[in-house]
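Visitor: Below is input16.csv; it holds CSV, C-alpha atoms.
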```csv
chain,number,residue,atom,x,y,z
I,1,MET,CA,42.3,70.3,32.2
I,2,TYR,CA,41.4,66.6,32.0
I,3,ALA,CA,40.8,66.6,35.8
I,4,ALA,CA,38.3,69.4,35.4
I,5,LEU,CA,36.7,67.5,32.6
I,6,TRP,CA,36.4,64.4,34.8
I,7,ARG,CA,34.8,66.5,37.6
I,8,THR,CA,32.4,68.2,35.1
I,9,ILE,CA,30.9,64.9,34.0
I,10,PRO,CA,28.2,63.8,36.4
I,11,GLY,CA,27.5,60.2,37.5
I,12,PRO,CA,29.5,57.2,38.7
I,13,SER,CA,33.0,56.5,37.6
I,14,TRP,CA,32.0,53.9,34.9
I,15,PHE,CA,29.7,56.4,33.4
I,16,ARG,CA,32.4,59.1,33.3
I,17,VAL,CA,34.8,56.6,31.7
I,18,PHE,CA,32.2,55.8,29.1
I,19,VAL,CA,31.5,59.5,28.3
I,20,LEU,CA,35.2,60.2,28.1
I,21,LEU,CA,35.8,57.3,25.7
I,22,CYS,CA,32.9,58.6,23.5
I,23,LEU,CA,34.5,62.1,23.5
I,24,ALA,CA,37.9,60.6,22.6
I,25,LEU,CA,36.3,58.7,19.7
I,26,VAL,CA,34.6,61.8,18.4
I,27,ALA,CA,37.8,63.7,18.7
I,28,VAL,CA,39.7,61.1,16.7
I,29,TRP,CA,37.0,60.9,14.1
I,30,ALA,CA,37.1,64.7,13.7
I,31,CYS,CA,40.8,64.6,13.3
I,32,PHE,CA,40.7,61.9,10.7
I,33,GLN,CA,37.9,63.5,8.8
I,34,PHE,CA,38.8,67.1,8.8
I,35,LEU,CA,42.0,68.1,10.6
I,36,PHE,CA,44.5,65.6,9.1
I,37,PRO,CA,43.3,65.8,5.5
I,38,TRP,CA,43.8,69.6,5.7
I,39,LEU,CA,47.1,69.2,7.5
I,40,SER,CA,48.5,66.9,4.8
I,41,THR,CA,47.9,69.6,2.2
I,42,VAL,CA,49.9,72.1,4.3
I,43,LEU,CA,52.8,69.9,5.5
I,44,PRO,CA,55.5,69.4,2.9
I,45,PHE,CA,56.3,65.8,3.9
I,46,ASN,CA,54.6,64.0,1.0
I,47,GLU,CA,55.4,65.8,-2.2
I,48,LEU,CA,55.9,63.6,-5.3
I,49,THR,CA,55.7,65.8,-8.4
I,50,VAL,CA,58.5,67.6,-10.1
I,51,SER,CA,57.8,71.2,-10.5
I,52,ASP,CA,59.5,74.6,-10.7
I,53,GLY,CA,57.4,75.8,-7.8
I,54,GLU,CA,54.5,77.1,-9.8
I,55,MET,CA,51.3,75.0,-9.4
I,56,THR,CA,47.9,76.1,-10.5
I,57,PRO,CA,44.9,74.9,-8.6
I,58,LEU,CA,42.6,72.4,-10.3
I,59,PRO,CA,38.9,71.9,-10.0
I,60,ASP,CA,37.8,69.2,-7.6
I,61,LEU,CA,37.7,65.7,-9.0
I,62,THR,CA,34.2,64.2,-8.6
I,63,PRO,CA,34.3,60.6,-9.5
Z,64,MET,CA,40.4,70.0,69.2
Z,65,SER,CA,43.3,69.2,71.5
Z,66,GLU,CA,46.4,71.3,71.4
Z,67,PRO,CA,48.9,70.2,68.8
Z,68,THR,CA,52.4,69.2,69.6
Z,69,SER,CA,55.1,68.7,67.0
Z,70,PRO,CA,56.7,65.3,67.1
Z,71,GLY,CA,59.7,66.8,65.3
Z,72,ALA,CA,60.5,68.8,68.4
Z,73,SER,CA,60.9,65.7,70.5
Z,74,PRO,CA,64.2,64.8,72.0
Z,75,GLY,CA,66.4,62.0,70.7
Z,76,GLY,CA,66.3,63.3,67.1
Z,77,VAL,CA,63.6,60.9,66.0
Z,78,MET,CA,62.4,62.0,62.5
Z,79,PRO,CA,58.7,62.3,62.1
Z,80,THR,CA,57.1,59.6,60.0
Z,81,PHE,CA,54.1,60.4,57.9
Z,82,VAL,CA,51.0,58.6,58.8
Z,83,ARG,CA,47.8,59.1,56.8
Z,84,LEU,CA,45.4,60.8,59.1
Z,85,GLU,CA,41.8,61.5,58.7
Z,86,ARG,CA,39.0,63.2,60.6
Z,87,THR,CA,36.0,61.2,61.5
Z,88,ASP,CA,34.3,64.3,62.7
Z,89,PRO,CA,34.8,67.6,60.8
Z,90,SER,CA,35.8,69.4,63.9
Z,91,GLY,CA,37.4,66.4,65.7
Z,92,PRO,CA,41.0,65.3,65.9
Z,93,LEU,CA,43.0,63.6,63.2
Z,94,ILE,CA,43.3,59.9,63.5
Z,95,PRO,CA,45.3,57.6,61.4
Z,96,ALA,CA,43.4,55.9,58.5
Z,97,GLY,CA,42.7,52.3,59.0
Z,98,GLY,CA,44.7,51.6,62.1
Z,99,GLY,CA,43.0,53.5,64.8
Z,100,ALA,CA,40.1,51.6,66.2
Z,101,PRO,CA,38.9,53.9,69.0
Z,102,ALA,CA,38.1,51.0,71.2
Z,103,THR,CA,41.8,50.0,71.4
Z,104,MET,CA,43.1,53.5,72.0
Z,105,PRO,CA,44.5,54.2,75.5
Z,106,ALA,CA,42.5,56.8,77.4
Z,107,GLY,CA,43.6,60.3,76.8
Z,108,ALA,CA,45.5,59.4,73.6
Z,109,PRO,CA,43.3,60.1,70.6
Z,110,VAL,CA,46.1,59.2,68.1
Z,111,VAL,CA,47.3,55.8,67.4
Z,112,ALA,CA,50.4,55.6,65.1
Z,113,THR,CA,50.6,52.7,62.8
Z,114,SER,CA,54.3,52.4,62.4
Z,115,ALA,CA,56.9,51.7,65.1
Z,116,SER,CA,59.0,54.9,64.6
Z,117,SER,CA,56.0,57.2,64.6
Z,118,ARG,CA,54.7,55.5,67.7
Z,119,ALA,CA,58.1,56.1,69.3
Z,120,ALA,CA,58.0,59.7,68.3
Z,121,ILE,CA,54.6,60.2,69.7
Z,122,GLN,CA,55.5,58.4,72.9
Z,123,LEU,CA,58.6,60.5,73.4
Z,124,ALA,CA,56.6,63.7,72.7
Z,125,ALA,CA,53.9,62.5,75.1
Z,126,ALA,CA,56.4,61.7,77.7
Z,127,SER,CA,58.0,65.1,77.5
Z,128,SER,CA,54.8,67.1,77.5
Z,129,GLY,CA,52.5,64.9,79.5
Z,130,ARG,CA,49.6,65.8,77.3
Z,131,ALA,CA,47.4,64.0,74.8
Z,132,LEU,CA,48.6,64.2,71.2
Z,133,THR,CA,47.4,65.0,67.8
Z,134,ILE,CA,49.9,65.0,65.0
Z,135,PRO,CA,49.5,68.0,62.6
Z,136,TRP,CA,49.5,67.0,59.0
Z,137,PRO,CA,50.3,69.9,56.7
Z,138,THR,CA,48.6,68.7,53.6
Z,139,VAL,CA,45.3,67.3,54.8
Z,140,PRO,CA,42.8,69.6,53.1
Z,141,SER,CA,40.6,71.5,55.3
Z,142,ALA,CA,38.2,74.2,54.4
Z,143,SER,CA,38.6,76.0,57.6
Z,144,ASP,CA,42.4,76.1,57.4
Z,145,SER,CA,43.9,79.5,56.6
Z,146,ASP,CA,47.5,78.2,56.4
Z,147,PRO,CA,49.3,80.3,53.8
Z,148,ARG,CA,50.9,77.1,52.4
Z,149,ARG,CA,47.4,76.2,51.2
Z,150,ARG,CA,47.1,79.0,48.7
Z,151,ILE,CA,46.0,78.1,45.2
Z,152,PRO,CA,49.1,76.6,43.5
Z,153,VAL,CA,49.1,78.7,40.4
Z,154,LEU,CA,52.5,77.5,39.1
Z,155,ALA,CA,51.4,73.9,39.6
Z,156,ILE,CA,48.2,74.5,37.7
Z,157,ILE,CA,50.0,76.1,34.8
Z,158,THR,CA,52.7,73.4,34.5
Z,159,GLY,CA,50.0,70.8,34.8
Z,160,LEU,CA,48.1,72.4,32.0
Z,161,ILE,CA,51.2,72.7,29.8
Z,162,GLY,CA,52.0,69.1,30.5
Z,163,GLU,CA,48.5,68.0,29.5
Z,164,LEU,CA,48.7,70.0,26.3
Z,165,LEU,CA,52.0,68.5,25.4
Z,166,ILE,CA,50.7,65.0,26.0
Z,167,THR,CA,47.7,65.8,23.8
Z,168,ALA,CA,49.9,67.2,21.1
Z,169,GLY,CA,52.0,64.0,21.2
Z,170,VAL,CA,49.0,61.8,20.9
Z,171,LEU,CA,47.7,63.9,18.0
Z,172,LEU,CA,51.0,63.7,16.2
Z,173,GLY,CA,51.0,59.9,16.6
Z,174,LEU,CA,47.4,59.8,15.3
Z,175,TYR,CA,48.4,61.9,12.3
Z,176,VAL,CA,51.1,59.4,11.4
Z,177,VAL,CA,48.6,56.6,11.7
Z,178,TRP,CA,46.2,58.5,9.5
Z,179,GLU,CA,48.8,59.3,6.9
Z,180,LEU,CA,50.5,55.9,6.7
Z,181,VAL,CA,47.4,53.7,7.1
Z,182,TRP,CA,44.1,55.4,6.9
Z,183,SER,CA,44.8,57.6,3.9
Z,184,THR,CA,45.2,54.4,1.8
Z,185,VAL,CA,42.1,52.8,3.4
Z,186,GLU,CA,40.2,55.9,2.3
Z,187,ALA,CA,41.7,56.1,-1.2
Z,188,ARG,CA,40.9,52.5,-2.2
Z,189,PRO,CA,37.2,53.1,-2.8
Z,190,LEU,CA,38.0,56.4,-4.6
Z,191,GLN,CA,40.3,54.5,-6.9
Z,192,ARG,CA,37.5,52.0,-7.7
Z,193,GLN,CA,35.0,54.8,-8.2
Z,194,ALA,CA,37.4,56.6,-10.6
Z,195,LEU,CA,37.8,53.4,-12.6
Z,196,GLU,CA,34.0,53.2,-12.9
Z,197,VAL,CA,33.9,56.7,-14.1
Z,198,VAL,CA,36.4,55.9,-16.8
Z,199,HIS,CA,34.5,52.7,-17.7
Z,200,LYS,CA,31.4,54.8,-18.3
Z,201,ARG,CA,33.1,57.2,-20.7
Z,202,PRO,CA,31.3,57.4,-24.0
Z,203,GLY,CA,33.3,55.3,-26.4
Z,204,TYR,CA,34.8,53.1,-23.7
Z,205,VAL,CA,35.3,49.5,-25.0
Z,206,PRO,CA,35.5,46.9,-22.3
Z,207,PRO,CA,38.4,44.4,-22.4
Z,208,ALA,CA,38.0,41.3,-24.5
Z,209,PRO,CA,36.7,38.3,-22.6
Z,210,ASP,CA,39.0,35.5,-21.3
Z,211,THR,CA,38.0,33.3,-24.2
Z,212,ALA,CA,39.1,35.8,-26.9
Z,213,ALA,CA,42.1,35.3,-29.1
Z,214,TRP,CA,45.3,37.4,-28.7
Z,215,ALA,CA,45.0,40.8,-30.2
Z,216,PRO,CA,47.4,41.7,-33.1
Z,217,GLU,CA,50.1,44.1,-32.0
Z,218,TYR,CA,50.7,47.2,-34.1
Z,219,THR,CA,53.6,49.5,-34.1
Z,220,ASP,CA,52.5,52.1,-36.6
Z,221,ASN,CA,49.4,54.4,-37.0
Z,222,ILE,CA,49.5,54.9,-33.3
Z,223,PRO,CA,46.2,56.3,-32.1
Z,224,GLU,CA,46.3,59.6,-30.4
Z,225,VAL,CA,44.1,60.3,-27.3
Z,226,ALA,CA,42.7,63.7,-26.7
Z,227,VAL,CA,43.8,65.2,-23.4
Z,228,PRO,CA,40.7,66.2,-21.4
Z,229,ASP,CA,40.0,69.1,-19.1
Z,230,ARG,CA,41.9,69.3,-15.9
Z,231,GLY,CA,40.7,67.1,-13.1
Z,232,GLU,CA,39.1,64.5,-15.4
Z,233,PRO,CA,40.0,60.8,-15.2
Z,234,TRP,CA,40.5,59.5,-18.7
Z,235,VAL,CA,42.9,56.6,-19.1
Z,236,SER,CA,44.3,54.0,-16.7
Z,237,LEU,CA,47.6,52.3,-16.1
Z,238,HIS,CA,48.4,48.6,-15.9
Z,239,VAL,CA,51.7,47.3,-14.6
Z,240,PRO,CA,52.0,43.5,-14.7
Z,241,ARG,CA,55.1,43.7,-12.4
Z,242,TRP,CA,52.8,45.1,-9.7
Z,243,GLY,CA,50.2,42.4,-10.3
Z,244,TYR,CA,48.0,41.5,-13.2
Z,245,LYS,CA,45.0,43.2,-11.4
Z,246,TYR,CA,46.8,46.5,-11.0
Z,247,ASN,CA,44.7,49.1,-12.7
Z,248,ILE,CA,44.8,52.7,-11.5
Z,249,VAL,CA,43.2,55.6,-13.2
Z,250,ILE,CA,45.2,58.5,-14.7
Z,251,ALA,CA,43.5,61.8,-14.3
Z,252,GLU,CA,44.5,65.1,-16.0
Z,253,GLY,CA,46.6,67.3,-13.8
Z,254,VAL,CA,48.9,66.7,-10.8
Z,255,ASP,CA,46.9,68.7,-8.2
Z,256,LYS,CA,47.8,67.1,-4.9
Z,257,TYR,CA,44.5,67.3,-3.1
Z,258,SER,CA,41.9,66.6,-5.9
Z,259,ILE,CA,43.8,64.0,-7.8
Z,260,LEU,CA,47.0,62.5,-6.2
Z,261,ASP,CA,45.5,62.3,-2.7
Z,262,GLN,CA,42.5,60.5,-4.1
Z,263,GLY,CA,44.8,57.6,-4.9
Z,264,LEU,CA,44.9,58.4,-8.6
Z,265,ILE,CA,47.8,58.9,-10.9
Z,266,GLY,CA,48.0,62.5,-12.3
Z,267,HIS,CA,49.1,63.4,-15.8
Z,268,TYR,CA,51.4,66.5,-15.9
Z,269,PRO,CA,49.5,69.2,-17.9
Z,270,ASP,CA,51.4,70.4,-20.9
Z,271,THR,CA,53.1,67.0,-21.4
Z,272,GLN,CA,52.0,64.9,-24.3
Z,273,GLY,CA,49.2,62.3,-24.3
Z,274,PRO,CA,49.9,58.6,-24.3
Z,275,GLY,CA,51.5,57.4,-27.6
Z,276,GLU,CA,52.1,60.9,-28.8
Z,277,LEU,CA,55.6,61.9,-30.0
Z,278,GLY,CA,57.2,63.2,-26.8
Z,279,ASN,CA,56.7,62.4,-23.2
Z,280,PHE,CA,53.5,61.2,-21.4
Z,281,ALA,CA,54.5,62.2,-17.9
Z,282,VAL,CA,52.5,61.1,-14.8
Z,283,ALA,CA,52.9,61.3,-11.0
Z,284,GLY,CA,51.6,59.1,-8.2
Z,285,HIS,CA,52.0,58.5,-4.5
Z,286,ARG,CA,54.6,56.0,-3.5
Z,287,ILE,CA,53.4,55.7,0.1
Z,288,THR,CA,50.0,56.8,1.5
Z,289,HIS,CA,46.8,57.8,-0.3
Z,290,GLY,CA,46.4,54.6,-2.2
Z,291,GLU,CA,50.1,54.4,-3.0
Z,292,PRO,CA,49.7,53.6,-6.8
Z,293,PHE,CA,53.5,53.7,-7.3
Z,294,ALA,CA,54.4,51.8,-4.2
Z,295,GLY,CA,56.4,49.2,-6.2
Z,296,ILE,CA,58.4,51.8,-8.3
Z,297,GLN,CA,61.7,50.4,-7.2
Z,298,ALA,CA,60.8,46.9,-8.2
Z,299,LEU,CA,60.5,47.9,-11.9
Z,300,ARG,CA,63.2,46.3,-14.1
Z,301,ASP,CA,64.2,47.1,-17.7
Z,302,ALA,CA,61.7,45.8,-20.2
Z,303,ASP,CA,58.9,45.7,-17.7
Z,304,GLU,CA,55.6,46.6,-19.4
Z,305,LEU,CA,53.8,49.8,-18.5
Z,306,ILE,CA,50.4,49.5,-20.2
Z,307,VAL,CA,48.1,52.5,-20.7
Z,308,GLU,CA,44.5,51.5,-21.3
Z,309,THR,CA,42.6,54.1,-23.3
Z,310,ASP,CA,39.0,54.0,-24.3
Z,311,GLU,CA,39.6,51.7,-27.3
Z,312,ASN,CA,43.2,50.5,-27.1
Z,313,TYR,CA,46.1,49.3,-25.0
Z,314,LEU,CA,49.4,51.2,-25.5
Z,315,VAL,CA,52.4,49.1,-24.3
Z,316,PHE,CA,55.6,50.8,-23.1
Z,317,ALA,CA,58.8,49.1,-21.8
Z,318,VAL,CA,60.9,50.4,-18.9
Z,319,TYR,CA,64.4,51.4,-20.2
Z,320,ASP,CA,65.8,53.8,-17.6
Z,321,ARG,CA,65.4,55.2,-14.1
Z,322,ASP,CA,66.9,58.1,-12.1
Z,323,ILE,CA,66.7,59.9,-8.8
Z,324,VAL,CA,66.6,63.7,-9.2
Z,325,SER,CA,65.9,66.9,-7.5
Z,326,PRO,CA,62.2,67.9,-7.0
Z,327,TYR,CA,62.9,70.9,-9.1
Z,328,ASP,CA,64.3,69.0,-12.1
Z,329,MET,CA,61.6,69.6,-14.6
Z,330,SER,CA,63.8,68.3,-17.4
Z,331,VAL,CA,62.8,64.7,-16.6
Z,332,ILE,CA,59.4,65.4,-18.1
Z,333,TYR,CA,60.6,67.3,-21.2
Z,334,PRO,CA,59.5,65.7,-24.5
Z,335,VAL,CA,63.1,64.5,-24.7
Z,336,PRO,CA,64.1,64.1,-21.1
Z,337,GLY,CA,67.1,66.1,-20.0
Z,338,GLN,CA,67.2,68.2,-23.2
Z,339,GLU,CA,65.2,71.4,-23.6
Z,340,GLY,CA,63.9,72.5,-27.0
Z,341,VAL,CA,64.8,69.3,-28.8
Z,342,ASP,CA,62.2,67.8,-31.2
Z,343,PRO,CA,61.1,64.4,-29.9
Z,344,VAL,CA,61.5,61.3,-32.0
Z,345,LYS,CA,60.4,58.8,-29.4
Z,346,ARG,CA,57.1,58.2,-27.6
Z,347,LEU,CA,57.9,58.0,-23.9
Z,348,ILE,CA,56.1,57.5,-20.6
Z,349,THR,CA,57.6,58.9,-17.4
Z,350,LEU,CA,56.6,57.9,-13.9
Z,351,THR,CA,57.5,60.3,-11.1
Z,352,THR,CA,57.1,59.7,-7.4
Z,353,CYS,CA,58.8,60.7,-4.2
Z,354,HIS,CA,62.1,59.3,-3.0
Z,355,PRO,CA,63.2,58.1,-0.5
Z,356,ARG,CA,60.1,56.6,0.9
Z,357,TYR,CA,58.6,58.5,3.8
Z,358,THR,CA,60.3,61.7,2.8
Z,359,SER,CA,60.2,63.9,-0.3
Z,360,THR,CA,63.7,65.2,-0.7
Z,361,SER,CA,64.1,63.7,-4.1
Z,362,ARG,CA,62.1,62.3,-6.9
Z,363,TYR,CA,62.2,58.7,-8.3
Z,364,ILE,CA,61.8,58.7,-12.1
Z,365,VAL,CA,61.1,55.7,-14.4
Z,366,TRP,CA,61.1,56.1,-18.2
Z,367,GLY,CA,59.4,53.7,-20.6
Z,368,ASP,CA,59.6,53.6,-24.4
Z,369,PHE,CA,56.6,52.9,-26.7
Z,370,GLN,CA,56.6,49.3,-28.0
Z,371,TYR,CA,53.3,48.5,-29.6
Z,372,TRP,CA,49.5,48.9,-29.3
Z,373,THR,CA,46.5,46.7,-29.6
Z,374,LYS,CA,42.8,47.2,-30.1
Z,375,LYS,CA,40.7,46.0,-27.2
Z,376,SER,CA,38.0,45.0,-29.7
Z,377,GLU,CA,40.4,42.7,-31.5
Z,378,GLY,CA,41.2,40.4,-28.6
Z,379,ARG,CA,43.2,40.1,-25.4
Z,380,LEU,CA,46.5,41.7,-24.6
Z,381,LYS,CA,49.0,39.0,-24.0
Z,382,ALA,CA,51.0,41.2,-21.6
Z,383,LEU,CA,48.0,41.5,-19.3
Z,384,VAL,CA,47.6,37.7,-18.9
Z,385,PRO,CA,49.8,35.8,-16.4
Z,386,PRO,CA,52.3,33.6,-18.3
Z,387,SER,CA,50.8,30.4,-16.7
Z,388,LYS,CA,47.5,31.2,-18.4
Z,389,ARG,CA,48.8,32.2,-21.9
```
For the structure just supplied, provide its representation as structure tokens.
Guide:
Amino acid sequence: MYAALWRTIPGPSWFRVFVLLCLALVAVWACFQFLFPWLSTVLPFNELTVSDGEMTPLPDLTP
Amino acid sequence: MSEPTSPGASPGGVMPTFVRLERTDPSGPLIPAGGGAPATMPAGAPVVATSASSRAAIQLAAASSGRALTIPWPTVPSASDSDPRRRIPVLAIITGLIGELLITAGVLLGLYVVWELVWSTVEARPLQRQALEVVHKRPGYVPPAPDTAAWAPEYTDNIPEVAVPDRGEPWVSLHVPRWGYKYNIVIAEGVDKYSILDQGLIGHYPDTQGPGELGNFAVAGHRITHGEPFAGIQALRDADELIVETDENYLVFAVYDRDIVSPYDMSVIYPVPGQEGVDPVKRLITLTTCHPRYTSTSRYIVWGDFQYWTKKSEGRLKALVPPSKR
């Protein structure tokens, strides 16, 4: 997978390393911006309210 | 290409030693990498082994066959080679792919932990400040008295009631001197996780009373991550002030009890905590957050009892000024 990615990128090694670093940064940014915020609403690790299991959705808070 | 002879077949039981070989000419014989300068090779022997044992094996084989040698090397890639051992290694490709996916998943999980524990708070801090600005721009909001103002008189009766706004709206804010005299986090209406609590704000349980009303003003906040407004919940001691700043007034509560309960124990936010259907005679504040830290198997609850209130327009609140500056 990553070997194929390496072969796909043209140019000398330093350029490939540079391109891969940029791709990794974009991937991390996308995770922090979109994937993880969504994931945190799905995962049950960080609940803090008391409830009887019935929560009604609220409108978005726009400060 | 000269005829190959296997060194493994040589007498004396000498094991073949692997020597890296390469072809200088696509159709030519294999020669060892690095070692074999053609000028030093003896005539009729195109291969020079670089280690003593492989040299011995070659010499033995050469002695028994009397022919020039090349050593076959099974894994040197060759386009023209039709050796069945050089089929596409499907299993190796699949296991390699699975391995890379697992490594990627591990890195992603690590990144998620970093995001949750560190970055969510970095992102929530500006949202907390923005919400405070929104509250400060509410019509009727009175800014706190300047540092030169006198102490505001403290009242215990005629407690002003604050209208509870629509869901999602930030409306009052909480000060907790125990957590620092600058601590001031907005309380918004509702305890929706994504739109309120994950923005670093404190959420007011709908259907519980407003601040200063007879009953229970119950709020929830993150203890870790997302701005962690209740990070210091366990540092609260009896009589610590919990101060609700409304548009015009400060309402001061004092901590009197705490508990660790099940996440489904709604009775902690009843008008009279723990007792259903009882008419309240006290004005309480309830803080709820997760417990233990990093998990959410229980809830940490802190209760405060109403003490007094002051008008912001009448002076400074003594409880909000560090003792050294009073």
Visitor: Which segment 182-290 of chain Z residues have any atom within 7 Å of an atom of segment 332-352 of chain Z, and for each, what is the nearest pair of atoms with distance in Å to one decimal, counting all atoms listed in the file, rows sorted by chain and number, as a tab-separated table?
Guide:
```
residue	atom	partner	partner_atom	distance
Z:Gly275	CA	Z:Arg346	CA	5.7
Z:Glu276	CA	Z:Arg346	CA	5.8
Z:Leu277	CA	Z:Arg346	CA	4.7
Z:Gly278	CA	Z:Pro334	CA	4.1
Z:Asn279	CA	Z:Pro334	CA	4.5
Z:Phe280	CA	Z:Ile348	CA	4.6
Z:Ala281	CA	Z:Thr349	CA	4.6
Z:Val282	CA	Z:Leu350	CA	5.3
Z:Ala283	CA	Z:Thr351	CA	4.7
Z:Gly284	CA	Z:Thr352	CA	5.6
Z:His285	CA	Z:Thr352	CA	6.0
Z:Arg286	CA	Z:Thr352	CA	5.9
```
Visitor: Using all atoms listed in the file, find which residues of chain Z lie within 7 Å of chain I and jot them down as a VMD selection string.
Guide: chain Z and resid 160 175 178 193 to 194 197 230 to 232 255 257 to 259 283 to 285 326 to 329 351 to 353 358 to 359 362
Visitor: Those selected residues, please, written with C-alpha atoms and delivered as a PDB file, in the frame of the given file.
Guide:
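Written out: again-v9.pdb:
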```pdb
ATOM      1  CA  LEU Z 160      48.100  72.400  32.000  1.00  0.00           C
ATOM      2  CA  TYR Z 175      48.400  61.900  12.300  1.00  0.00           C
ATOM      3  CA  TRP Z 178      46.200  58.500   9.500  1.00  0.00           C
ATOM      4  CA  GLN Z 193      35.000  54.800  -8.200  1.00  0.00           C
ATOM      5  CA  ALA Z 194      37.400  56.600 -10.600  1.00  0.00           C
ATOM      6  CA  VAL Z 197      33.900  56.700 -14.100  1.00  0.00           C
ATOM      7  CA  ARG Z 230      41.900  69.300 -15.900  1.00  0.00           C
ATOM      8  CA  GLY Z 231      40.700  67.100 -13.100  1.00  0.00           C
ATOM      9  CA  GLU Z 232      39.100  64.500 -15.400  1.00  0.00           C
ATOM     10  CA  ASP Z 255      46.900  68.700  -8.200  1.00  0.00           C
ATOM     11  CA  TYR Z 257      44.500  67.300  -3.100  1.00  0.00           C
ATOM     12  CA  SER Z 258      41.900  66.600  -5.900  1.00  0.00           C
ATOM     13  CA  ILE Z 259      43.800  64.000  -7.800  1.00  0.00           C
ATOM     14  CA  ALA Z 283      52.900  61.300 -11.000  1.00  0.00           C
ATOM     15  CA  GLY Z 284      51.600  59.100  -8.200  1.00  0.00           C
ATOM     16  CA  HIS Z 285      52.000  58.500  -4.500  1.00  0.00           C
ATOM     17  CA  PRO Z 326      62.200  67.900  -7.000  1.00  0.00           C
ATOM     18  CA  TYR Z 327      62.900  70.900  -9.100  1.00  0.00           C
ATOM     19  CA  ASP Z 328      64.300  69.000 -12.100  1.00  0.00           C
ATOM     20  CA  MET Z 329      61.600  69.600 -14.600  1.00  0.00           C
ATOM     21  CA  THR Z 351      57.500  60.300 -11.100  1.00  0.00           C
ATOM     22  CA  THR Z 352      57.100  59.700  -7.400  1.00  0.00           C
ATOM     23  CA  CYS Z 353      58.800  60.700  -4.200  1.00  0.00           C
ATOM     24  CA  THR Z 358      60.300  61.700   2.800  1.00  0.00           C
ATOM     25  CA  SER Z 359      60.200  63.900  -0.300  1.00  0.00           C
ATOM     26  CA  ARG Z 362      62.100  62.300  -6.900  1.00  0.00           C
TER      27      ARG Z 362
END
```
Visitor: If we count all atoms listed in the file and set the cut-off at 10 Å, which residues sit around Val19 of chain I, ignoring sequence neighbours fewer than 6 positions away in its own chain? Please answer as a list in words.
Guide: Trp6, Ile9, Pro10, Ser13 and Leu25 of chain I
Visitor: With C-alpha atoms retained, could you export that selection as an mmCIF file, in the coordinates of the input?
Guide:
```
data_model
loop_
_atom_site.group_PDB
_atom_site.id
_atom_site.type_symbol
_atom_site.label_atom_id
_atom_site.label_comp_id
_atom_site.auth_asym_id
_atom_site.auth_seq_id
_atom_site.Cartn_x
_atom_site.Cartn_y
_atom_site.Cartn_z
ATOM 1 C CA TRP I 6 36.400 64.400 34.800
ATOM 2 C CA ILE I 9 30.900 64.900 34.000
ATOM 3 C CA PRO I 10 28.200 63.800 36.400
ATOM 4 C CA SER I 13 33.000 56.500 37.600
ATOM 5 C CA LEU I 25 36.300 58.700 19.700
#
```
Visitor: Please, what distance in Å, to one decimal, runs between atom CA of Ile250 of chain Z and atom CA of Pro386 of chain Z?
Guide: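 Here the two named atoms are 26.1 Å from each other.
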Visitor: What gap, in Å, lies between atom CA of Val185 of chain Z and atom CA of Pro233 of chain Z?
Guide: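 Value for the atom CA of Val185 of chain Z-atom CA of Pro233 of chain Z distance: 20.4 Å.
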Visitor: Separation of atom CA of Val315 of chain Z and atom CA of Tyr204 of chain Z, in Å?
Guide: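 That distance, rounded to one decimal, is 18.1 Å.
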Visitor: Kindly extract all protein, DNA and RNA residues lying within 9 Å of the coordinates (44.0, 54.4, -1.8) given in the file, considering all atoms listed in the file, and supply them as a list in words.
Guide: Trp182, Ser183, Thr184, Val185, Glu186, Ala187, Arg188, Pro189, Leu190, Gln191, Asp261, Gln262, Gly263, Leu264, Thr288, His289, Gly290, Glu291 and Pro292 of chain Z
Visitor: Rebuild N, CA and C atoms on segment 349-357 of chain Z, as a PDB file, keeping the file's coordinate frame?
Guide:
```pdb
ATOM      1  N   THR Z 349      56.715  58.637 -18.597  1.00  0.00           N
ATOM      2  CA  THR Z 349      57.600  58.900 -17.400  1.00  0.00           C
ATOM      3  C   THR Z 349      56.724  58.809 -16.181  1.00  0.00           C
ATOM      4  N   LEU Z 350      57.186  58.000 -15.243  1.00  0.00           N
ATOM      5  CA  LEU Z 350      56.600  57.900 -13.900  1.00  0.00           C
ATOM      6  C   LEU Z 350      57.407  58.718 -12.951  1.00  0.00           C
ATOM      7  N   THR Z 351      56.784  59.608 -12.174  1.00  0.00           N
ATOM      8  CA  THR Z 351      57.500  60.300 -11.100  1.00  0.00           C
ATOM      9  C   THR Z 351      56.850  60.063  -9.798  1.00  0.00           C
ATOM     10  N   THR Z 352      57.665  59.863  -8.762  1.00  0.00           N
ATOM     11  CA  THR Z 352      57.100  59.700  -7.400  1.00  0.00           C
ATOM     12  C   THR Z 352      58.191  60.159  -6.440  1.00  0.00           C
ATOM     13  N   CYS Z 353      57.850  60.128  -5.133  1.00  0.00           N
ATOM     14  CA  CYS Z 353      58.800  60.700  -4.200  1.00  0.00           C
ATOM     15  C   CYS Z 353      59.872  59.654  -3.830  1.00  0.00           C
ATOM     16  N   HIS Z 354      60.998  60.188  -3.357  1.00  0.00           N
ATOM     17  CA  HIS Z 354      62.100  59.300  -3.000  1.00  0.00           C
ATOM     18  C   HIS Z 354      62.956  60.103  -1.960  1.00  0.00           C
ATOM     19  N   PRO Z 355      63.514  59.494  -0.935  1.00  0.00           N
ATOM     20  CA  PRO Z 355      63.200  58.100  -0.500  1.00  0.00           C
ATOM     21  C   PRO Z 355      61.813  58.000   0.077  1.00  0.00           C
ATOM     22  N   ARG Z 356      61.431  56.767   0.335  1.00  0.00           N
ATOM     23  CA  ARG Z 356      60.100  56.600   0.900  1.00  0.00           C
ATOM     24  C   ARG Z 356      60.044  57.331   2.258  1.00  0.00           C
ATOM     25  N   TYR Z 357      58.867  57.783   2.598  1.00  0.00           N
ATOM     26  CA  TYR Z 357      58.600  58.500   3.800  1.00  0.00           C
ATOM     27  C   TYR Z 357      59.092  59.939   3.845  1.00  0.00           C
TER      28      TYR Z 357
END
```
